[in-house]
>>> print(open('data.pdb').read())   # PDB, C-alpha atoms
ATOM      1  CA  MET A  35    -155.997 -29.452 -97.248
ATOM      2  CA  ASN A  36    -154.895 -27.636-100.420
ATOM      3  CA  ILE A  37    -154.595 -29.798-103.585
ATOM      4  CA  LEU A  38    -152.368 -28.428-106.361
ATOM      5  CA  THR A  39    -152.034 -29.226-110.059
ATOM      6  CA  ALA A  40    -148.558 -29.817-111.509
ATOM      7  CA  ALA A  41    -148.389 -26.224-112.752
ATOM      8  CA  GLU A  42    -149.491 -24.896-109.360
ATOM      9  CA  ALA A  43    -146.996 -27.148-107.536
ATOM     10  CA  ALA A  44    -144.150 -25.952-109.771
ATOM     11  CA  ASP A  45    -145.174 -22.355-109.146
ATOM     12  CA  PHE A  46    -145.424 -23.034-105.410
ATOM     13  CA  LEU A  47    -141.843 -24.381-105.373
ATOM     14  CA  LYS A  48    -140.662 -21.636-107.758
ATOM     15  CA  ILE A  49    -139.326 -24.167-110.278
ATOM     16  CA  LYS A  50    -140.011 -25.126-113.900
ATOM     17  CA  SER A  51    -142.497 -27.888-114.724
ATOM     18  CA  ASP A  52    -139.705 -30.032-116.223
ATOM     19  CA  THR A  53    -137.802 -29.767-112.943
ATOM     20  CA  LEU A  54    -140.928 -30.801-111.035
ATOM     21  CA  TYR A  55    -141.232 -34.077-112.978
ATOM     22  CA  THR A  56    -137.512 -34.742-112.524
ATOM     23  CA  LEU A  57    -137.883 -34.312-108.761
ATOM     24  CA  ILE A  58    -140.839 -36.735-108.751
ATOM     25  CA  GLU A  59    -138.797 -39.383-110.537
ATOM     26  CA  ASN A  60    -135.411 -38.916-108.911
ATOM     27  CA  ASP A  61    -135.877 -37.163-105.585
ATOM     28  CA  GLY A  62    -139.056 -38.473-104.009
ATOM     29  CA  LEU A  63    -141.202 -35.388-104.493
ATOM     30  CA  PRO A  64    -144.592 -36.539-103.136
ATOM     31  CA  GLY A  65    -147.551 -36.551-105.508
ATOM     32  CA  ALA A  66    -150.191 -38.839-106.981
ATOM     33  CA  LYS A  67    -151.494 -39.430-110.468
ATOM     34  CA  VAL A  68    -155.244 -38.972-110.858
ATOM     35  CA  GLY A  69    -155.996 -40.342-114.280
ATOM     36  CA  ASN A  70    -153.261 -38.862-116.450
ATOM     37  CA  GLN A  71    -152.647 -35.789-114.331
ATOM     38  CA  TRP A  72    -150.511 -35.212-111.260
ATOM     39  CA  ARG A  73    -151.914 -33.752-108.047
ATOM     40  CA  PHE A  74    -150.007 -32.591-104.976
ATOM     41  CA  LEU A  75    -150.837 -31.715-101.365
ATOM     42  CA  GLU A  76    -149.368 -28.349-100.417
ATOM     43  CA  GLU A  77    -148.462 -29.534 -96.907
ATOM     44  CA  ASP A  78    -146.600 -32.573 -98.356
ATOM     45  CA  LEU A  79    -144.520 -30.238-100.532
ATOM     46  CA  ILE A  80    -143.653 -28.145 -97.478
ATOM     47  CA  VAL A  81    -142.561 -31.222 -95.506
ATOM     48  CA  TRP A  82    -140.511 -32.506 -98.470
ATOM     49  CA  PHE A  83    -138.783 -29.143 -98.818
ATOM     50  CA  LYS A  84    -137.986 -29.010 -95.082
ATOM     51  CA  ARG A  85    -136.535 -32.521 -95.248
ATOM     52  CA  LYS A  86    -134.318 -31.538 -98.166
ATOM     53  CA  GLN A  87    -133.163 -28.468 -96.280
ATOM     54  CA  SER A  88    -132.498 -30.508 -93.138
ATOM     55  CA  PHE A  89    -130.401 -33.071 -95.052
ATOM     56  CA  LYS A  90    -128.411 -30.349 -96.799
ATOM     57  CA  GLN A  91    -127.565 -28.622 -93.522
ATOM     58  CA  ALA A  92    -126.785 -31.814 -91.608
ATOM     59  CA  SER A  93    -124.663 -33.296 -94.386
ATOM     60  CA  LYS A  94    -122.093 -30.538 -93.845
ATOM     61  CA  GLU A  95    -121.259 -32.315 -90.591
ATOM     62  CA  ASP A  96    -122.201 -35.946 -91.300
ATOM     63  CA  LYS A  97    -121.876 -37.020 -94.941
ATOM     64  CA  TRP A  98    -124.171 -40.051 -94.652
ATOM     65  CA  LEU A  99    -127.226 -37.846 -94.070
ATOM     66  CA  GLY A 100    -128.024 -37.469 -97.724
ATOM     67  CA  SER A 101    -130.280 -39.124-100.245
ATOM     68  CA  GLY A 102    -129.403 -42.212-102.305
ATOM     69  CA  ILE A 103    -127.908 -45.408-100.914
ATOM     70  CA  TYR A 104    -127.504 -44.160 -97.351
ATOM     71  CA  ARG A 105    -131.068 -42.934 -97.178
ATOM     72  CA  GLY A 106    -132.088 -46.391 -98.400
ATOM     73  CA  LEU A 107    -130.139 -48.037 -95.578
ATOM     74  CA  VAL A 108    -131.847 -45.807 -93.010
ATOM     75  CA  GLU A 109    -135.243 -46.773 -94.404
ATOM     76  CA  ASP A 110    -134.361 -50.489 -94.396
ATOM     77  CA  THR A 111    -133.350 -50.612 -90.732
ATOM     78  CA  PHE A 112    -135.817 -51.952 -88.167
ATOM     79  CA  ASP A 113    -134.987 -49.091 -85.780
ATOM     80  CA  ALA A 114    -136.868 -45.817 -85.780
ATOM     81  CA  VAL A 115    -134.397 -43.135 -86.888
ATOM     82  CA  LEU A 116    -135.055 -39.488 -86.052
ATOM     83  CA  ILE A 117    -133.117 -36.283 -86.718
ATOM     84  CA  SER A 118    -133.832 -33.341 -84.415
ATOM     85  CA  LYS A 119    -132.536 -29.792 -84.183
ATOM     86  CA  ASN A 120    -132.846 -28.013 -80.835
ATOM     87  CA  ASN A 121    -135.388 -30.639 -79.748
ATOM     88  CA  ILE A 122    -137.568 -30.202 -82.875
ATOM     89  CA  ILE A 123    -137.903 -33.238 -85.169
ATOM     90  CA  LYS A 124    -136.642 -32.426 -88.666
ATOM     91  CA  ASP A 125    -136.798 -35.838 -90.331
ATOM     92  CA  CYS A 126    -137.364 -39.531 -89.647
ATOM     93  CA  ASN A 127    -137.671 -42.850 -91.437
ATOM     94  CA  ASP A 128    -140.817 -44.886 -92.079
ATOM     95  CA  ALA A 129    -140.077 -47.119 -89.068
ATOM     96  CA  ALA A 130    -140.432 -44.074 -86.812
ATOM     97  CA  LEU A 131    -143.772 -43.164 -88.366
ATOM     98  CA  SER A 132    -144.981 -46.731 -87.796
ATOM     99  CA  LEU A 133    -143.682 -46.875 -84.220
ATOM    100  CA  TYR A 134    -145.364 -43.659 -83.107
ATOM    101  CA  ASP A 135    -148.336 -43.786 -85.537
ATOM    102  CA  TYR A 136    -147.825 -40.316 -87.033
ATOM    103  CA  SER A 137    -147.732 -39.200 -90.639
ATOM    104  CA  MET A 138    -144.617 -37.424 -91.910
ATOM    105  CA  THR A 139    -146.521 -34.131 -91.948
ATOM    106  CA  GLU A 140    -147.456 -34.614 -88.288
ATOM    107  CA  MET A 141    -143.964 -35.732 -87.233
ATOM    108  CA  VAL A 142    -141.805 -33.027 -88.811
ATOM    109  CA  GLU A 143    -141.546 -29.890 -86.626
ATOM    110  CA  ARG A 144    -142.969 -31.792 -83.633
ATOM    111  CA  PRO A 145    -141.078 -31.318 -80.322
ATOM    112  CA  PHE A 146    -139.221 -34.475 -79.325
ATOM    113  CA  HIS A 147    -140.878 -34.133 -75.913
ATOM    114  CA  ASP A 148    -144.157 -35.260 -77.517
ATOM    115  CA  LEU A 149    -142.715 -38.748 -78.017
ATOM    116  CA  MET A 150    -141.649 -39.196 -74.401
ATOM    117  CA  ALA A 151    -143.487 -39.867 -71.153
ATOM    118  CA  PRO A 152    -143.577 -36.598 -69.137
ATOM    119  CA  GLU A 153    -141.513 -38.233 -66.388
ATOM    120  CA  PHE A 154    -138.508 -38.182 -68.756
ATOM    121  CA  HIS A 155    -138.814 -34.613 -70.050
ATOM    122  CA  HIS A 156    -136.256 -33.285 -67.557
ATOM    123  CA  LYS A 157    -133.871 -36.065 -68.612
ATOM    124  CA  LEU A 158    -134.143 -34.895 -72.209
ATOM    125  CA  GLU A 159    -133.300 -31.362 -71.142
ATOM    126  CA  GLU A 160    -130.222 -32.668 -69.314
ATOM    127  CA  THR A 161    -128.956 -34.597 -72.338
ATOM    128  CA  LEU A 162    -129.549 -31.593 -74.605
ATOM    129  CA  GLU A 163    -127.665 -29.245 -72.292
ATOM    130  CA  SER A 164    -124.739 -31.635 -71.817
ATOM    131  CA  ASN A 165    -124.670 -32.639 -75.519
ATOM    132  CA  LEU A 166    -124.468 -36.311 -74.550
ATOM    133  CA  THR A 167    -123.868 -39.201 -76.930
ATOM    134  CA  GLY A 168    -124.641 -42.799 -75.987
ATOM    135  CA  ILE A 169    -127.364 -45.375 -75.332
ATOM    136  CA  ILE A 170    -130.159 -44.760 -72.825
ATOM    137  CA  GLN A 171    -133.485 -46.303 -71.811
ATOM    138  CA  ARG A 172    -136.671 -44.256 -71.842
ATOM    139  CA  VAL A 173    -140.452 -44.650 -71.937
ATOM    140  CA  HIS A 174    -142.034 -43.306 -75.132
ATOM    141  CA  ILE A 175    -145.634 -42.620 -76.156
ATOM    142  CA  ARG A 176    -147.574 -43.474 -79.310
ATOM    143  CA  ARG A 177    -150.120 -41.133 -80.789
ATOM    144  CA  ASP A 178    -152.951 -43.032 -79.049
ATOM    145  CA  GLY A 179    -151.323 -42.583 -75.621
ATOM    146  CA  THR A 180    -149.875 -46.105 -75.380
ATOM    147  CA  VAL A 181    -146.561 -46.149 -73.510
ATOM    148  CA  PHE A 182    -143.687 -48.550 -74.146
ATOM    149  CA  PRO A 183    -140.027 -48.927 -73.103
ATOM    150  CA  VAL A 184    -137.339 -48.075 -75.631
ATOM    151  CA  GLU A 185    -133.586 -48.045 -76.006
ATOM    152  CA  VAL A 186    -132.316 -44.886 -77.677
ATOM    153  CA  SER A 187    -128.894 -44.607 -79.323
ATOM    154  CA  MET A 188    -127.998 -40.933 -79.635
ATOM    155  CA  LYS A 189    -125.341 -38.944 -81.422
ATOM    156  CA  SER A 190    -124.940 -35.207 -80.930
ATOM    157  CA  LEU A 191    -123.325 -33.258 -83.742
ATOM    158  CA  SER A 192    -120.903 -30.413 -83.151
ATOM    159  CA  GLY A 193    -119.498 -27.407 -84.945
ATOM    160  CA  GLU A 194    -121.941 -25.740 -87.303
ATOM    161  CA  GLN A 195    -124.508 -28.437 -86.505
ATOM    162  CA  GLU A 196    -124.474 -28.013 -82.735
ATOM    163  CA  GLY A 197    -127.962 -28.795 -81.461
ATOM    164  CA  THR A 198    -128.564 -31.443 -84.135
ATOM    165  CA  ARG A 199    -129.051 -34.962 -82.783
ATOM    166  CA  LEU A 200    -129.433 -38.351 -84.440
ATOM    167  CA  GLY A 201    -131.467 -40.939 -82.586
ATOM    168  CA  ALA A 202    -132.101 -44.616 -83.292
ATOM    169  CA  VAL A 203    -135.045 -45.862 -81.215
ATOM    170  CA  ARG A 204    -135.696 -49.551 -80.558
ATOM    171  CA  LYS A 205    -138.778 -50.861 -78.753
ATOM    172  CA  ILE A 206    -137.711 -53.236 -75.949
ATOM    173  CA  SER A 207    -141.039 -54.279 -74.417
ATOM    174  CA  HIS A 208    -140.220 -57.910 -75.266
ATOM    175  CA  LEU A 209    -137.358 -57.969 -72.746
ATOM    176  CA  ASP A 210    -137.578 -59.269 -69.206
ATOM    177  CA  PRO A 211    -138.277 -56.279 -66.878
ATOM    178  CA  LYS A 212    -135.076 -57.018 -64.950
ATOM    179  CA  PHE A 213    -133.183 -55.548 -67.920
ATOM    180  CA  PHE A 214    -135.002 -52.215 -67.585
ATOM    181  CA  SER A 215    -133.618 -49.354 -65.546
ATOM    182  CA  ALA A 216    -135.301 -48.633 -62.213
ATOM    183  CA  LYS A 217    -136.780 -45.412 -63.621
ATOM    184  CA  VAL A 218    -138.267 -47.185 -66.644
ATOM    185  CA  ARG A 219    -139.839 -49.850 -64.405
ATOM    186  CA  GLU A 220    -141.232 -47.153 -62.130
ATOM    187  CA  VAL A 221    -142.798 -45.191 -64.990
ATOM    188  CA  LEU A 222    -144.269 -48.278 -66.658
ATOM    189  CA  SER A 223    -145.772 -49.300 -63.334
ATOM    190  CA  HIS A 224    -147.291 -45.827 -62.981
ATOM    191  CA  TYR A 225    -149.029 -46.286 -66.333
ATOM    192  CA  GLY A 226    -150.189 -49.782 -65.407
ATOM    193  CA  VAL A 227    -148.072 -51.525 -68.057
ATOM    194  CA  ARG A 228    -147.213 -55.180 -67.452
ATOM    195  CA  SER A 229    -144.269 -56.639 -69.304
ATOM    196  CA  ILE A 230    -144.413 -60.076 -70.870
ATOM    197  CA  GLU A 231    -141.634 -62.524 -70.155
ATOM    198  CA  PRO A 232    -139.974 -63.802 -73.345
ATOM    199  CA  GLY A 233    -141.836 -66.787 -74.751
ATOM    200  CA  LYS A 234    -144.896 -66.343 -72.520
ATOM    201  CA  LEU A 235    -148.335 -64.853 -73.089
ATOM    202  CA  PRO A 236    -150.096 -62.670 -70.544
ATOM    203  CA  SER A 237    -153.108 -64.036 -68.669
ATOM    204  CA  TYR A 238    -156.030 -61.722 -68.101
TER     205      TYR A 238
END
>>> encode(input="data.pdb", output="structure tokens")
Amino acid sequence: MNILTAAEAADFLKIKSDTLYTLIENDGLPGAKVGNQWRFLEEDLIVWFKRKQSFKQASKEDKWLGSGIYRGLVEDTFDAVLISKNNIIKDCNDAALSLYDYSMTEMVERPFHDLMAPEFHHKLEETLESNLTGIIQRVHIRRDGTVFPVEVSMKSLSGEQEGTRLGAVRKISHLDPKFFSAKVREVLSHYGVRSIEPGKLPSY
């Protein structure tokens, strides 16, 4: 873990110190004040830069993928929102970090496969190859290995952004199992997961 001063962070980003403070105030550049001085983690600066680059590229195709009010709406939603390029996660909102229990540094550049039960990896390959858009059910995995059913709303971009996908993930473990697909029920059973009927508590 490499900690940088403000001068070192500005040099690392190849910008002026005044620009650095502007980015902190207006553009979410990650840092922390220790006493009266700013300190920065090098890996956080790298992730921030990659996010900015990802938004700039994606916004050519979908104008809402920028900063400002639309970014605020994405952060305010209860769904986990992820942006991936060729199956590699490029950005996500705080709800996604909470759902999967990863930090932003750990999430960005992670293969999307890592979030899915292995039984669905071939399904992901199929949707990537066919460039599908729609709503599907899957079984996803938290950092600690816990599995849970989800509903994923996907949008595949085209043109210059071919290979870029937007996904909104919603945990659906509160639903009655009869609403799950046969494959989801099969996989959950394999992992020994018991669903809870709405309004009832499990008995152990």
>>> resolve_selection(input="data.pdb", expression="the PyMOL selection byres ((chain A and resi 200) around 7)", output="list in words")
Leu116, Ile117, Ser118, Met188, Lys189, Ser190, Thr198, Arg199, Gly201 and Ala202 of chain A
>>> resolve_selection(input="data.pdb", expression="the PyMOL selection byres ((chain A and resi 136-150) around 6)", output="list in words")
Asn121, Ile122, Ile123, Lys124, Asp125, Leu131, Tyr134, Asp135, Ala151, His174 and Ile175 of chain A
>>> atom_distance(input="data.pdb", atom1="atom CA of Lys205 of chain A", atom2="atom CA of Val184 of chain A")
4.4 Å
>>> closest_residue(input="data.pdb", among="A:Leu79, A:Thr111, A:Asn70, A:Leu57", to="Ala43 of chain A", atoms="all atoms listed in the file")
A:Leu79
>>> residues_near_point(input="data.pdb", point="(-124.7, -43.4, -75.0)", cutoff="7 Å", atoms="all atoms listed in the file", output="VMD selection string")
chain A and resid 167 to 170 187 to 188
